[in-house]
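Here is query28.cif, consisting of mmCIF, C-alpha atoms:
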data_coords
loop_
_atom_site.label_atom_id
_atom_site.label_comp_id
_atom_site.auth_asym_id
_atom_site.auth_seq_id
_atom_site.Cartn_x
_atom_site.Cartn_y
_atom_site.Cartn_z
CA MET A 1 -10.16 18.00 -3.48
CA ALA A 2 -6.73 19.27 -4.55
CA VAL A 3 -5.37 17.08 -7.32
CA THR A 4 -1.80 17.85 -8.26
CA THR A 5 -0.54 17.36 -11.76
CA GLY A 6 2.93 15.94 -11.82
CA PRO A 7 5.42 15.10 -14.50
CA ILE A 8 4.46 12.51 -17.06
CA TYR A 9 6.94 9.77 -17.80
CA GLU A 10 7.05 7.18 -20.53
CA VAL A 11 6.57 3.65 -19.25
CA GLY A 12 6.69 0.18 -20.74
CA ALA A 13 4.28 0.08 -23.61
CA GLN A 14 2.79 -3.31 -22.94
CA TYR A 15 0.97 -2.01 -19.88
CA VAL A 16 0.26 1.69 -20.32
CA GLU A 17 1.75 4.47 -22.38
CA GLN A 18 2.81 6.68 -19.51
CA LEU A 19 3.38 7.05 -15.82
CA ASN A 20 1.69 9.95 -14.14
CA TYR A 21 3.12 10.44 -10.68
CA SER A 22 3.08 13.71 -8.79
CA ASN A 23 5.84 12.49 -6.45
CA PRO A 24 4.49 14.53 -3.53
CA LEU A 25 7.42 13.77 -1.23
CA GLY A 26 10.10 14.42 -3.84
CA ARG A 27 11.55 10.92 -3.88
CA PRO A 28 14.36 10.24 -6.34
CA VAL A 29 12.89 8.42 -9.32
CA GLN A 30 15.10 6.69 -11.85
CA PRO A 31 14.36 5.01 -15.18
CA ILE A 32 14.98 1.29 -15.40
CA TRP A 33 14.82 -1.34 -18.13
CA TYR A 34 12.68 -4.43 -17.98
CA VAL A 35 12.55 -6.63 -21.08
CA ASN A 36 13.53 -3.74 -23.36
CA GLU A 37 10.84 -1.43 -21.99
CA ARG A 38 11.41 1.57 -19.79
CA TYR A 39 9.85 1.76 -16.36
CA PHE A 40 10.56 3.81 -13.27
CA ALA A 41 11.62 2.91 -9.77
CA ILE A 42 12.24 4.85 -6.59
CA ASP A 43 15.98 4.97 -6.05
CA SER A 44 16.51 4.54 -2.32
CA ASP A 45 19.52 3.56 -0.28
CA TYR A 46 17.61 1.69 2.39
CA GLN A 47 19.50 -1.55 2.75
CA VAL A 48 17.89 -4.75 3.99
CA VAL A 49 19.71 -7.48 5.85
CA TRP A 50 17.88 -10.78 5.81
CA THR A 51 17.74 -13.57 8.30
CA HIS A 52 16.72 -15.79 5.37
CA THR A 53 17.83 -14.59 1.96
CA PRO A 54 15.11 -14.81 -0.71
CA ALA A 55 15.45 -17.95 -2.80
CA VAL A 56 14.39 -16.05 -5.94
CA PRO A 57 15.42 -12.44 -5.51
CA THR A 58 14.45 -9.59 -7.75
CA LYS A 59 17.69 -8.42 -9.34
CA GLU A 60 18.91 -5.01 -10.33
CA TYR A 61 21.78 -5.13 -12.84
CA VAL A 62 24.08 -2.14 -12.46
CA PHE A 63 26.84 -1.48 -15.01
CA TYR A 64 30.50 -0.68 -14.39
CA TYR A 65 33.51 -0.45 -16.63
CA GLY A 66 36.45 -2.72 -15.95
CA THR A 67 36.55 -6.17 -14.45
CA PRO A 68 35.54 -7.63 -11.10
CA SER A 69 39.16 -7.57 -9.99
CA ALA A 70 39.77 -4.04 -11.32
CA PRO A 71 36.41 -2.26 -11.26
CA GLY A 72 36.09 1.10 -12.97
CA PRO A 73 33.48 3.84 -12.81
CA GLN A 74 29.78 3.26 -13.29
CA VAL A 75 28.60 3.44 -16.90
CA ALA A 76 27.11 6.90 -17.34
CA GLY A 77 23.65 6.98 -18.84
CA GLN A 78 22.99 3.25 -18.50
CA PHE A 79 19.72 2.58 -16.73
CA PRO A 80 19.69 -0.36 -14.32
CA ILE A 81 18.01 -3.49 -15.60
CA TYR A 82 15.40 -5.25 -13.47
CA ASN A 83 14.48 -8.88 -13.98
CA ARG A 84 10.98 -8.48 -12.56
CA ILE A 85 8.32 -5.83 -12.21
CA PRO A 86 5.09 -5.78 -10.17
CA GLY A 87 2.88 -8.54 -11.48
CA SER A 88 5.83 -10.84 -12.24
CA PHE A 89 6.11 -14.02 -10.25
CA TYR A 90 8.44 -13.53 -7.28
CA TYR A 91 8.63 -9.76 -7.78
CA TYR A 92 9.59 -7.95 -4.69
CA MET A 93 10.49 -4.32 -4.14
CA THR A 94 13.65 -5.29 -2.27
CA VAL A 95 16.21 -5.91 -5.01
CA GLU A 96 19.59 -7.57 -5.02
CA VAL A 97 22.26 -5.48 -6.70
CA VAL A 98 24.12 -7.39 -9.41
CA GLU A 99 27.17 -5.76 -10.95
CA VAL A 100 27.88 -6.15 -14.66
CA PHE A 101 31.38 -5.31 -15.87
CA VAL A 102 31.64 -4.08 -19.43
CA PRO A 103 34.58 -3.02 -21.65
CA SER A 104 35.43 0.62 -22.21
CA GLY A 105 33.83 0.60 -25.65
CA TYR A 106 30.42 -0.38 -24.31
CA GLN A 107 27.65 1.93 -25.50
CA SER A 108 25.26 2.74 -22.68
CA ASN A 109 21.77 1.25 -22.88
CA SER A 110 22.72 -1.21 -25.59
CA LEU A 111 21.69 -3.87 -23.04
CA ARG A 112 18.09 -3.56 -21.90
CA SER A 113 17.04 -6.90 -20.47
CA GLU A 114 18.28 -9.60 -18.14
CA ALA A 115 18.30 -12.07 -21.03
CA ALA A 116 20.60 -9.79 -23.02
CA VAL A 117 22.92 -9.38 -20.04
CA LEU A 118 23.19 -13.11 -19.49
CA LYS A 119 23.73 -13.70 -23.20
CA SER A 120 26.46 -11.05 -23.38
CA ASP A 121 29.03 -13.06 -21.39
CA TYR A 122 30.14 -9.94 -19.55
CA PRO A 123 31.35 -10.74 -16.01
CA ILE A 124 28.56 -10.63 -13.44
CA VAL A 125 28.93 -10.34 -9.67
CA GLU A 126 26.00 -10.95 -7.37
CA THR A 127 26.74 -8.64 -4.47
CA GLY A 128 24.35 -10.13 -1.92
CA THR A 129 23.28 -6.62 -0.92
CA TYR A 130 19.62 -5.70 -1.03
CA PHE A 131 17.94 -2.33 -1.28
CA VAL A 132 14.29 -1.30 -1.16
CA ARG A 133 13.65 0.10 -4.65
CA PRO A 134 10.00 -0.20 -5.60
CA VAL A 135 8.98 -0.05 -9.23
CA LEU A 136 6.30 2.54 -9.87
CA MET B 137 -9.98 -5.02 -0.50
CA SER B 138 -9.95 -8.11 1.65
CA ASP B 139 -11.95 -11.32 1.43
CA GLY B 140 -15.20 -10.15 -0.12
CA ALA B 141 -15.63 -7.06 2.04
CA LEU B 142 -18.34 -4.63 1.02
CA THR B 143 -17.46 -1.21 -0.31
CA CYS B 144 -19.18 1.58 1.59
CA ARG B 145 -21.37 2.45 -1.40
CA PRO B 146 -24.08 4.99 -0.51
CA VAL B 147 -27.56 3.49 -0.65
CA THR B 148 -30.87 5.32 -0.69
CA LEU B 149 -34.44 4.95 -1.91
CA THR B 150 -34.38 4.83 -5.70
CA HIS B 151 -36.66 3.75 -8.50
CA PRO B 152 -36.25 0.96 -9.33
CA TYR B 153 -35.25 -0.10 -5.86
CA THR B 154 -31.57 -0.67 -5.10
CA ARG B 155 -30.74 -4.33 -4.55
CA GLY B 156 -27.67 -6.23 -3.43
CA ASP B 157 -25.35 -7.24 -0.62
CA ASN B 158 -25.06 -3.73 0.79
CA VAL B 159 -28.83 -3.58 1.25
CA LYS B 160 -28.84 -7.02 2.83
CA ALA B 161 -26.10 -5.97 5.26
CA ILE B 162 -28.08 -2.84 6.16
CA GLN B 163 -31.24 -4.88 6.73
CA ILE B 164 -29.42 -7.38 8.94
CA ALA B 165 -28.02 -4.47 10.96
CA LEU B 166 -31.46 -2.88 11.28
CA LYS B 167 -32.92 -6.15 12.54
CA GLY B 168 -30.07 -6.34 15.02
CA HIS B 169 -31.01 -2.89 16.29
CA GLY B 170 -34.63 -4.00 16.72
CA TYR B 171 -36.26 -2.41 13.66
CA ASP B 172 -39.01 -4.42 11.98
CA PHE B 173 -39.49 -3.75 8.29
CA GLY B 174 -40.35 -7.20 6.97
CA ALA B 175 -38.12 -9.79 5.35
CA ILE B 176 -34.38 -9.49 4.75
CA ASP B 177 -34.60 -9.59 0.96
CA GLY B 178 -31.77 -7.33 -0.17
CA ILE B 179 -34.23 -4.81 -1.64
CA TYR B 180 -34.09 -1.20 -0.46
CA GLY B 181 -37.81 -0.42 -0.53
CA PRO B 182 -39.93 2.08 1.42
CA LEU B 183 -40.12 -0.06 4.58
CA THR B 184 -36.35 -0.45 4.78
CA ALA B 185 -35.88 3.24 3.99
CA GLY B 186 -38.36 4.16 6.71
CA ALA B 187 -36.50 2.01 9.22
CA VAL B 188 -33.21 3.69 8.28
CA GLU B 189 -34.75 7.11 8.76
CA MET B 190 -36.14 6.09 12.16
CA PHE B 191 -32.73 4.74 13.14
CA LYS B 192 -31.07 8.04 12.21
CA ARG B 193 -33.68 10.01 14.17
CA TYR B 194 -33.20 7.78 17.20
CA LYS B 195 -29.40 8.19 17.00
CA GLY B 196 -29.66 11.89 16.25
CA VAL B 197 -27.68 11.56 13.02
CA MET B 198 -28.63 14.35 10.65
CA PRO B 199 -29.94 14.76 8.03
CA PHE B 200 -32.91 12.53 8.89
CA ASN B 201 -33.30 10.85 5.52
CA PRO B 202 -33.02 7.32 4.11
CA VAL B 203 -29.43 7.74 2.85
CA VAL B 204 -26.96 5.18 4.17
CA ASP B 205 -23.44 6.49 3.68
CA LEU B 206 -20.09 5.98 5.38
CA PRO B 207 -20.96 7.21 8.91
CA ILE B 208 -24.25 5.34 8.88
CA TYR B 209 -22.51 2.12 7.90
CA TYR B 210 -20.32 2.73 10.91
CA TYR B 211 -23.30 3.36 13.18
CA PHE B 212 -24.81 0.12 11.92
CA GLY B 213 -21.61 -1.75 12.64
CA VAL B 214 -21.46 -2.92 9.02
CA ARG B 215 -17.88 -3.62 7.99
CA CYS B 216 -17.15 -2.06 4.67
CA VAL B 217 -14.21 -0.51 2.87
CA SER B 218 -14.16 3.17 2.11
CA THR B 219 -13.08 4.22 -1.35
CA VAL B 220 -14.09 7.84 -1.21
CA GLN B 221 -11.10 9.49 0.45
CA LEU B 222 -8.21 8.11 -1.55
CA THR B 223 -7.34 10.87 -4.01
CA GLU B 224 -6.95 14.09 -2.05
CA GLN B 225 -3.33 14.86 -2.91
CA LEU B 226 -1.60 12.01 -4.68
CA ASP B 227 -1.79 12.03 -8.46
CA TYR B 228 -0.66 8.59 -9.59
CA ASN B 229 -2.08 6.52 -12.40
CA ASN B 230 -0.60 3.33 -10.89
CA PRO B 231 0.18 1.75 -14.27
CA LEU B 232 1.12 -1.64 -12.84
CA ARG B 233 -1.96 -1.79 -10.64
CA GLN B 234 -0.12 -2.17 -7.36
CA VAL B 235 -1.76 -2.27 -3.97
CA ILE B 236 -1.82 1.20 -2.41
CA GLU B 237 -2.25 1.65 1.31
CA THR B 238 -3.56 4.86 2.82
CA ALA B 239 -2.19 5.70 6.23
CA TRP B 240 -2.02 8.48 8.78
CA PHE B 241 1.08 10.44 9.60
CA ASN B 242 0.73 13.32 12.07
CA GLY B 243 -2.96 13.69 11.31
CA LYS B 244 -2.55 13.75 7.51
CA LYS B 245 -3.13 11.04 4.96
CA TYR B 246 -0.31 9.56 2.96
CA TRP B 247 -0.05 6.66 0.55
CA ALA B 248 2.34 3.78 0.25
CA ILE B 249 2.92 0.99 -2.23
CA GLY B 250 3.16 -2.28 -0.47
CA PRO B 251 1.87 -5.79 -0.34
CA ASN B 252 2.58 -5.72 3.41
CA VAL B 253 3.98 -9.22 3.37
CA PRO B 254 5.96 -10.20 6.48
CA LEU B 255 9.67 -10.34 5.68
CA PRO B 256 12.48 -12.29 7.37
CA ILE B 257 14.72 -9.31 7.99
CA ASN B 258 17.32 -8.85 10.66
CA PRO B 259 16.00 -5.85 12.64
CA SER B 260 19.29 -5.25 14.39
CA GLU B 261 21.01 -4.67 11.04
CA THR B 262 18.13 -3.19 9.04
CA LYS B 263 16.76 0.23 9.74
CA THR B 264 13.04 0.07 10.50
CA ALA B 265 10.25 2.54 11.13
CA GLN B 266 7.22 2.05 13.36
CA GLU B 267 3.72 1.37 12.07
CA TYR B 268 0.75 1.34 14.44
CA ILE B 269 -2.28 -0.82 13.73
CA ILE B 270 -5.45 -0.22 15.69
CA ALA B 271 -7.15 -3.47 16.69
CA TYR B 272 -9.67 -4.75 19.18
CA SER B 273 -7.46 -7.69 20.04
CA VAL B 274 -4.62 -9.85 18.81
CA SER B 275 -4.93 -13.61 18.85
CA PRO B 276 -2.22 -15.82 20.38
CA HIS B 277 -1.15 -16.53 16.79
CA GLY B 278 -0.66 -12.83 16.11
CA GLU B 279 -3.84 -12.32 14.07
CA PRO B 280 -5.34 -8.89 14.82
CA ASP B 281 -9.08 -8.19 15.00
CA LEU B 282 -8.84 -4.92 13.11
CA VAL B 283 -11.01 -1.87 13.72
CA PRO B 284 -12.97 -1.38 10.48
CA LEU B 285 -12.30 1.83 8.54
CA GLN B 286 -9.31 2.71 10.70
CA LEU B 287 -6.19 3.56 8.70
CA ASN B 288 -2.81 2.41 9.90
CA ILE B 289 -0.44 4.99 11.35
CA TYR B 290 3.17 5.70 10.35
CA ASP B 291 5.69 7.33 12.66
CA SER B 292 7.65 8.88 9.79
CA ILE B 293 7.60 9.64 6.08
CA PRO B 294 10.34 9.96 3.44
CA GLY B 295 12.63 12.87 4.17
CA MET B 296 12.66 12.29 7.92
CA PRO B 297 15.67 10.75 9.67
CA ALA B 298 13.48 8.10 11.31
CA TYR B 299 11.92 6.97 8.02
CA SER B 300 12.52 3.55 6.57
CA PRO B 301 10.44 1.65 4.00
CA MET B 302 10.67 -1.38 6.28
CA TRP B 303 7.92 -1.24 8.91
CA HIS B 304 7.83 -2.76 12.35
CA LEU B 305 4.21 -3.50 13.27
CA ASN B 306 2.78 -2.43 16.63
CA TYR B 307 -0.77 -3.18 17.66
CA VAL B 308 -2.76 -0.64 19.66
CA ILE B 309 -5.54 -2.47 21.49
CA VAL B 310 -8.69 -0.39 21.78
CA PRO B 311 -12.15 -1.09 23.21
CA ARG B 312 -15.18 -1.77 21.00
CA SER B 313 -16.42 1.74 21.74
CA TYR B 314 -13.41 3.25 19.94
CA VAL B 315 -14.45 5.51 17.05
CA PRO B 316 -12.36 4.70 13.96
CA ASN B 317 -9.68 7.21 12.95
CA THR B 318 -9.79 9.03 16.26
CA ILE B 319 -6.10 8.19 16.54
CA ARG B 320 -4.19 9.67 13.60
CA SER B 321 -0.58 9.93 14.69
CA ALA B 322 2.08 7.83 16.33
CA ALA B 323 2.24 10.26 19.25
CA GLN B 324 -1.49 9.84 19.85
CA ALA B 325 -1.17 6.07 19.63
CA VAL B 326 1.61 5.95 22.19
CA SER B 327 0.05 8.48 24.58
CA SER B 328 -3.52 7.20 24.23
CA GLY B 329 -3.27 4.97 27.27
CA TYR B 330 -4.32 1.97 25.21
CA PRO B 331 -1.98 -1.03 25.37
CA VAL B 332 0.60 -1.09 22.58
CA ILE B 333 1.89 -4.54 21.64
CA ALA B 334 5.13 -4.60 19.68
CA SER B 335 5.04 -7.53 17.25
CA ASP B 336 8.00 -9.33 15.75
CA THR B 337 6.63 -8.71 12.26
CA TYR B 338 8.31 -6.49 9.67
CA VAL B 339 6.71 -5.57 6.36
CA ASN B 340 7.22 -3.22 3.46
#
Would you write out, as structure tokens, the structure that this file holds?
Amino acid sequence: MAVTTGPIYEVGAQYVEQLNYSNPLGRPVQPIWYVNERYFAIDSDYQVVWTHTPAVPTKEYVFYYGTPSAPGPQVAGQFPIYNRIPGSFYYYMTVEVVEVFVPSGYQSNSLRSEAAVLKSDYPIVETGTYFVRPVL
Amino acid sequence: MSDGALTCRPVTLTHPYTRGDNVKAIQIALKGHGYDFGAIDGIYGPLTAGAVEMFKRYKGVMPFNPVVDLPIYYYFGVRCVSTVQLTEQLDYNNPLRQVIETAWFNGKKYWAIGPNVPLPINPSETKTAQEYIIAYSVSPHGEPDLVPLQLNIYDSIPGMPAYSPMWHLNYVIVPRSYVPNTIRSAAQAVSSGYPVIASDTYVN
């Protein structure tokens, strides 16, 4: 039995201290926030078009500078925020992208949860586009 | 593991005797094959062990001993779930305890995260890949009678142009004499001569 030893990532502390994933097929893995804890998800561009849109979608908040009418570049260093992870009710690995528009003085990763995003009063745009991005 | 299925735990003659559902399933199978060892009591004693050894001699399955392991479960026709071949290459601690499926691609095993729940996607606008499921039959309601121990088969993996994490299910209908995991690639499934039924189900 050939067991590979892959990189070790930090993961949300309420479940386990670390993620150990050898990533045998070299998929792009990105950190995400969920309720102030860091997790990891596979960052894929496989888009899903529904015949019936999920009533309670899993959301991925992605951050941009500017406003919805004049969007700027993506906020460098800000991890996307997920509102659910595996084990949550209604979690699904197909996520709806939700854009959050922040001012130029925004410090990346100062928002780390959906609750904080909604409380921030920054403009939010639900894009209605869905991508398969499973949380590891 | 689905609805109370047994795991293919090896069973042999031990002291004290092994007891449990696996033993009971083995005894029921032995009775079905015409071996008389006494009552079906779920206890793996010398009479049951002797019957197993006779069964293996009759079938020519070596070594001729009282050990019931994965191939013997298959010979018995006992449905059980294998857990012994799941960690050959993938090193993943699965911190969120997600369901992991093992599948064949081009004769090699791969792993996928997925609850395999049917999804209402639009296949004409969503890229899909093909997954082959080996079954004895499919009911009019689309419920397959799956071949035990057989892994599903993917036509592509990440990195290939044809790959998509959204799977279109196809059922390959095989006879009862089919030996599980004989088919290990999409090409084999398509060229096997067995009927292939394309479903209207998409999962990921």
Q | Atomic distance CA of Ser22 (chain A) - CA of Asn229 (chain B), expressed in Å with one decimal | A |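 Computing the Euclidean distance for CA of Ser22 (chain A) and CA of Asn229 (chain B) yields 9.6 Å.
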With chain A as the partner and 9 Å as the cut-off, tabulate the residues of chain B that qualify, each row holding the nearest pair of atoms and their distance in Å to one decimal, using all atoms listed in the file, sorted by chain and rising number, as a tab-separated table.
residue	atom	partner	partner_atom	distance
B:Thr223	CA	A:Val3	CA	7.3
B:Glu224	CA	A:Met1	CA	5.3
B:Gln225	CA	A:Val3	CA	5.3
B:Leu226	CA	A:Ser22	CA	6.5
B:Asp227	CA	A:Ser22	CA	5.2
B:Tyr228	CA	A:Tyr21	CA	4.3
B:Asn229	CA	A:Asn20	CA	5.4
B:Asn230	CA	A:Leu136	CA	7.0
B:Pro231	CA	A:Val16	CA	6.1
B:Leu232	CA	A:Pro86	CA	6.3
B:Arg233	CA	A:Pro86	CA	8.1
B:Gln234	CA	A:Pro86	CA	6.9
B:Ile249	CA	A:Pro134	CA	7.9
B:Gly250	CA	A:Met93	CA	8.4
B:Leu255	CA	A:Trp50	CA	8.2
B:Pro256	CA	A:Thr51	CA	5.5
B:Ile257	CA	A:Trp50	CA	4.1
B:Asn258	CA	A:Trp50	CA	5.2
B:Pro259	CA	A:Val49	CA	7.9
B:Ser260	CA	A:Val49	CA	8.8
B:Glu261	CA	A:Val49	CA	6.0
B:Thr262	CA	A:Val48	CA	5.3
B:Lys263	CA	A:Tyr46	CA	7.5
B:Ile293	CA	A:Leu25	CA	8.4
B:Pro294	CA	A:Leu25	CA	6.7
B:Gly295	CA	A:Leu25	CA	7.6
B:Ser300	CA	A:Tyr46	CA	6.8
B:Pro301	CA	A:Val132	CA	7.1
B:Met302	CA	A:Val132	CA	8.3
B:Asn340	CA	A:Met93	CA	8.3
Q: Output the residue selection produced by the PyMOL selection byres ((chain A and resi 100) around 7) on the file above, formatted as a ChimeraX atom specification.
A: /A:61-64,98-99,101-102,122-125
Q) To one decimal place, how far is CA of Arg215 (chain B) from CA of Tyr272 (chain B) in Å? A) 13.9 Å
Q: Can you work out the spacing between CA of Pro146 (chain B) and CA of Pro284 (chain B) in Å, to one decimal?
A: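 CA of Pro284 (chain B) lies 16.9 Å from CA of Pro146 (chain B).
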**Q.** Result set, the PyMOL selection byres ((chain B and resi 283) around 12) on current file, as JSON, numbers by chain
**A.** {"B": [210, 213, 214, 215, 216, 217, 269, 270, 271, 272, 273, 274, 280, 281, 282, 284, 285, 286, 287, 288, 307, 308, 309, 310, 311, 312, 313, 314, 315, 316, 317, 318, 319]}
Q) Which one is closest to Thr58 (chain A): A:Asn109, A:Ser88, A:Ser120, A:Asn36? Count only C-alpha atoms. A) A:Ser88
Q: Fewer than 2 positions away in the same chain doesn't count, so skip those; otherwise give me all residues within 7 Å of Arg155 (chain B), counting only C-alpha atoms, as a PyMOL selection string.
A: chain B and resi 153+159+178-180
**Q.** Explicit residue set for the PyMOL selection byres ((chain A and resi 112) around 6), as a PyMOL selection string
**A.** chain A and resi 33+36+111+113
I'd like the box whose edges run along x, y and z of the file and which contains every listed atom of region 72-91 of chain A, padded by 4 Å per side; could you state its centre and edge lengths in Å, one decimal, as AutoDock Vina command-line options?
--center_x 19.5 --center_y -3.5 --center_z -13.1 --size_x 41.2 --size_y 29.0 --size_z 19.6
Q | Distance criterion (all atoms listed in the file): nearest to Pro31 (chain A) out of A:Ile81, A:Ala55, A:Val95, A:Ala76 | A | A:Ile81
Q.
Give me the residues near Tyr338 (chain B) as a PyMOL selection string, where near means some atom within 6 Å (using only C-alpha atoms) and where sequence neighbours in that chain fewer than 4 positions away do not count.
A. chain B and resi 254-255+303-304
Q: Name the residues in contact with Val97 (chain A) at a cut-off of 8 Å, using only C-alpha atoms, excluding same-chain residues fewer than 3 positions from it; report them as a ChimeraX atom specification.
A: /A:59-62,126-131
Q | Lys192 (chain B) environment, 12 Å, only C-alpha atoms, sequence neighbours closer than 2 positions dropped, as a PyMOL selection string | A | chain B and resi 166+169+171+185-190+194-205+207-209+211-212
Q: Find the residues near Asn158 (chain B): any atom within 8 Å, counting only C-alpha atoms, skip ones fewer than 6 places away on the same chain, and give them as a PyMOL selection string.
A: chain B and resi 142+144-145+147+178
Just the selected residues (C-alpha atoms), exported as a JSON list (two decimals), in the coordinates of the input, please.
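Contents of the output file again.json:
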[["chain", "number", "residue", "atom", "x", "y", "z"],
["B", 142, "LEU", "CA", -18.34, -4.63, 1.02],
["B", 144, "CYS", "CA", -19.18, 1.58, 1.59],
["B", 145, "ARG", "CA", -21.37, 2.45, -1.40],
["B", 147, "VAL", "CA", -27.56, 3.49, -0.65],
["B", 178, "GLY", "CA", -31.77, -7.33, -0.17]]
Q: Between B:Ala323, B:Ile162, B:Val339, B:Leu305, single out the one closest to Ala248 (chain B), counting only C-alpha atoms.
A: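 Counting only C-alpha atoms, the residue closest to Ala248 (chain B) is B:Val339.
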